[in-house]
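S.K.: The structure under discussion is supplied below as structure tokens; questions concerning it will follow.
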Amino acid sequence: MPVDQTATTLVTGFDNVPAFARGLVRDLRVRWALEEMGRTYCPQLLDAFAPRPEGYRDWQPFGQVPAFAEGDLRLFESGAILLYLGEQDERLLPRDPAGRWAATSWLIAALNSVEPMTMQIVNLDVFQAGQPWTRDARPSAVEMVRARLASTENALGDKDWLAGPFSVADIMMVTVLRNLDHTDILAGFPALSAYKARGEARPAFRQALADQSAGYVEQAA
């Protein structure tokens with residue numbers, strides 16, 4: 001329901017990506033948050049393999065997605081966009097200071113402490129696939145990501161969500177954990193695997209993923 005080509009809230013994404021990247025492109029995080037809020041938005045899809053449109057880097061300096069616009073406000077980086085959206089809906093970011101900062105801490109932890117380790121695995125397995133040096137490099141990368149996953153699972157404990165109620169922290173962490181979907185690494189962390197599955201079972205996530213995927217399907221048709 002929130003996808004509306006006439007909406008004034010804009011979210012950039014890609015209309016064509018390699019198969020391995022489908023479901024992992026970071027506009028999914030923003031789409032998911034907007035679905036949770038029931039907020040309409042208009043996707044602006046770019047060609048991932050073409051030069052960025054004129055002026056796009058004034059909006060997103062690195063030429064990446066997502067970028068976000070609403071009225072005169074322009075944002076880039078998925079973490080900043082999620083925090084902005086959370087400010088507007090307590091279902092995504094608690095209003096009490098303790099809850100708010102717990103969720104903020106975990107959102108940043110997902111980006112700074114967990115995602116870089118998952119992306120090392122993606123780099124070795126996908127972007128550097130076939131390079132002879134990756135066989136020796138991968139075990140230490142796996143050890144590092146497992147250490148971060150163990151810390152995350154320990155902090156999660158028997159809770160459903162990282163910071164109490166579902167929040168932008170969980171949107172970020174679940175999408176970060178999806179970077180490992182091509183591996184069996186997460187299987188060693190049953191509580192974290194169940195946590196990820198809970199996030200992916202949310203109707204808002206499923207709709208966001210379907211809408212993101214629809215753009216790729218239409219491009220391929």
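Ordering of the structure tokens sets the chain letters (A, B, ...); residue numbers start at 1 within each chain; ligands are numbered from 1 in the order shown.
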Would you kindly return, as a PyMOL selection string, each protein, DNA or RNA residue with an atom no farther than 12 Å from any atom of segment 83-88 of chain A, considering only C-alpha atoms and excluding same-chain residues fewer than 4 positions away?
M.R.: chain A and resi 9+29-39+68-70+73-79+92-96+100-101+103-108+166-172
S.K.: Please run DSSP on the backbone and report, as number ranges by chain, all residues within segment 45-149 of chain A that come out as helix (DSSP H, G or I).
M.R.: A: 56-59, 78-87, 97-127, 134-149
S.K.: Keeping only C-alpha atoms, take the residues you just selected and write them out as a JSON list (two decimals), in the first residue's frame.
M.R.:
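Wrote it out as out_18.json, contents follow:
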[["chain", "number", "residue", "atom", "x", "y", "z"],
["A", 56, "TYR", "CA", 22.36, 13.09, -7.86],
["A", 57, "ARG", "CA", 25.64, 13.38, -6.00],
["A", 58, "ASP", "CA", 24.45, 16.67, -4.56],
["A", 59, "TRP", "CA", 21.80, 14.54, -2.89],
["A", 78, "SER", "CA", 20.08, 4.35, 5.55],
["A", 79, "GLY", "CA", 20.91, 4.78, 9.23],
["A", 80, "ALA", "CA", 20.19, 8.50, 9.18],
["A", 81, "ILE", "CA", 16.97, 7.94, 7.25],
["A", 82, "LEU", "CA", 15.77, 5.30, 9.72],
["A", 83, "LEU", "CA", 16.46, 7.59, 12.66],
["A", 84, "TYR", "CA", 14.57, 10.41, 10.95],
["A", 85, "LEU", "CA", 11.58, 8.15, 10.37],
["A", 86, "GLY", "CA", 11.79, 6.80, 13.90],
["A", 87, "GLU", "CA", 11.53, 10.35, 15.24],
["A", 97, "PRO", "CA", 15.12, 8.35, 26.70],
["A", 98, "ALA", "CA", 16.35, 4.94, 27.84],
["A", 99, "GLY", "CA", 14.44, 3.08, 25.13],
["A", 100, "ARG", "CA", 15.30, 5.65, 22.48],
["A", 101, "TRP", "CA", 19.02, 5.52, 23.12],
["A", 102, "ALA", "CA", 19.07, 1.74, 23.46],
["A", 103, "ALA", "CA", 17.51, 1.46, 20.00],
["A", 104, "THR", "CA", 19.88, 4.08, 18.61],
["A", 105, "SER", "CA", 22.88, 2.27, 20.09],
["A", 106, "TRP", "CA", 21.84, -1.00, 18.47],
["A", 107, "LEU", "CA", 21.18, 0.62, 15.12],
["A", 108, "ILE", "CA", 24.70, 2.04, 15.16],
["A", 109, "ALA", "CA", 26.10, -1.29, 16.39],
["A", 110, "ALA", "CA", 24.52, -3.03, 13.41],
["A", 111, "LEU", "CA", 26.19, -0.57, 11.06],
["A", 112, "ASN", "CA", 29.58, -0.24, 12.78],
["A", 113, "SER", "CA", 30.21, -3.51, 14.63],
["A", 114, "VAL", "CA", 28.36, -6.17, 12.64],
["A", 115, "GLU", "CA", 27.89, -5.06, 9.03],
["A", 116, "PRO", "CA", 31.60, -4.50, 8.26],
["A", 117, "MET", "CA", 32.30, -8.10, 9.30],
["A", 118, "THR", "CA", 29.46, -9.48, 7.19],
["A", 119, "MET", "CA", 30.63, -7.45, 4.22],
["A", 120, "GLN", "CA", 34.11, -8.94, 4.48],
["A", 121, "ILE", "CA", 32.48, -12.32, 3.84],
["A", 122, "VAL", "CA", 30.48, -10.90, 0.92],
["A", 123, "ASN", "CA", 33.65, -9.38, -0.52],
["A", 124, "LEU", "CA", 35.56, -12.65, -0.30],
["A", 125, "ASP", "CA", 32.74, -14.88, -1.54],
["A", 126, "VAL", "CA", 31.23, -12.65, -4.22],
["A", 127, "PHE", "CA", 33.38, -9.73, -5.32],
["A", 134, "THR", "CA", 40.64, -15.70, -0.61],
["A", 135, "ARG", "CA", 41.01, -19.31, 0.58],
["A", 136, "ASP", "CA", 43.58, -18.25, 3.17],
["A", 137, "ALA", "CA", 41.77, -15.02, 4.06],
["A", 138, "ARG", "CA", 38.32, -16.47, 4.63],
["A", 139, "PRO", "CA", 38.87, -18.44, 7.88],
["A", 140, "SER", "CA", 39.96, -15.36, 9.81],
["A", 141, "ALA", "CA", 37.08, -13.34, 8.34],
["A", 142, "VAL", "CA", 34.63, -16.05, 9.42],
["A", 143, "GLU", "CA", 36.15, -16.07, 12.90],
["A", 144, "MET", "CA", 35.70, -12.32, 13.17],
["A", 145, "VAL", "CA", 32.08, -12.34, 12.05],
["A", 146, "ARG", "CA", 31.28, -15.24, 14.36],
["A", 147, "ALA", "CA", 32.70, -13.29, 17.29],
["A", 148, "ARG", "CA", 30.40, -10.35, 16.53],
["A", 149, "LEU", "CA", 27.42, -12.63, 16.04]]
S.K.: From a backbone DSSP assignment, name each residue in segment 36-214 of chain A labelled strand (DSSP E), as a list in words.
M.R.: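 Matching residues, listed in order: Cys42, Pro43, Gln44, Leu45, Leu46, Asp47, Ala67, Phe68, Ala69, Glu70, Leu73, Arg74, Leu75 and Phe76 of chain A.
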S.K.: Please save C-alpha atoms of the selected residues as a PDB file, in the first residue's frame.
M.R.:
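Written output follows (again-v5.pdb):
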ATOM      1  CA  CYS A  42       7.512   7.005  -4.415  1.00  0.00           C
ATOM      2  CA  PRO A  43      10.509   4.869  -5.447  1.00  0.00           C
ATOM      3  CA  GLN A  44      12.946   6.603  -7.784  1.00  0.00           C
ATOM      4  CA  LEU A  45      14.845   3.782  -9.461  1.00  0.00           C
ATOM      5  CA  LEU A  46      18.294   4.278 -10.947  1.00  0.00           C
ATOM      6  CA  ASP A  47      20.311   2.126 -13.317  1.00  0.00           C
ATOM      7  CA  ALA A  67      18.626   8.666  -0.756  1.00  0.00           C
ATOM      8  CA  PHE A  68      15.478  10.151   0.735  1.00  0.00           C
ATOM      9  CA  ALA A  69      13.548  13.352   0.156  1.00  0.00           C
ATOM     10  CA  GLU A  70      10.493  14.828   1.801  1.00  0.00           C
ATOM     11  CA  LEU A  73      14.494  17.758   3.418  1.00  0.00           C
ATOM     12  CA  ARG A  74      17.063  15.571   1.694  1.00  0.00           C
ATOM     13  CA  LEU A  75      18.859  12.749   3.480  1.00  0.00           C
ATOM     14  CA  PHE A  76      21.328  10.029   2.590  1.00  0.00           C
TER      15      PHE A  76
END
S.K.: Could you jot down the atom CA of Thr12 of chain A to atom CA of Ala204 of chain A separation for me, Å, one decimal place?
M.R.: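 If I compute the distance from atom CA of Thr12 of chain A to atom CA of Ala204 of chain A, I get 18.4 Å.
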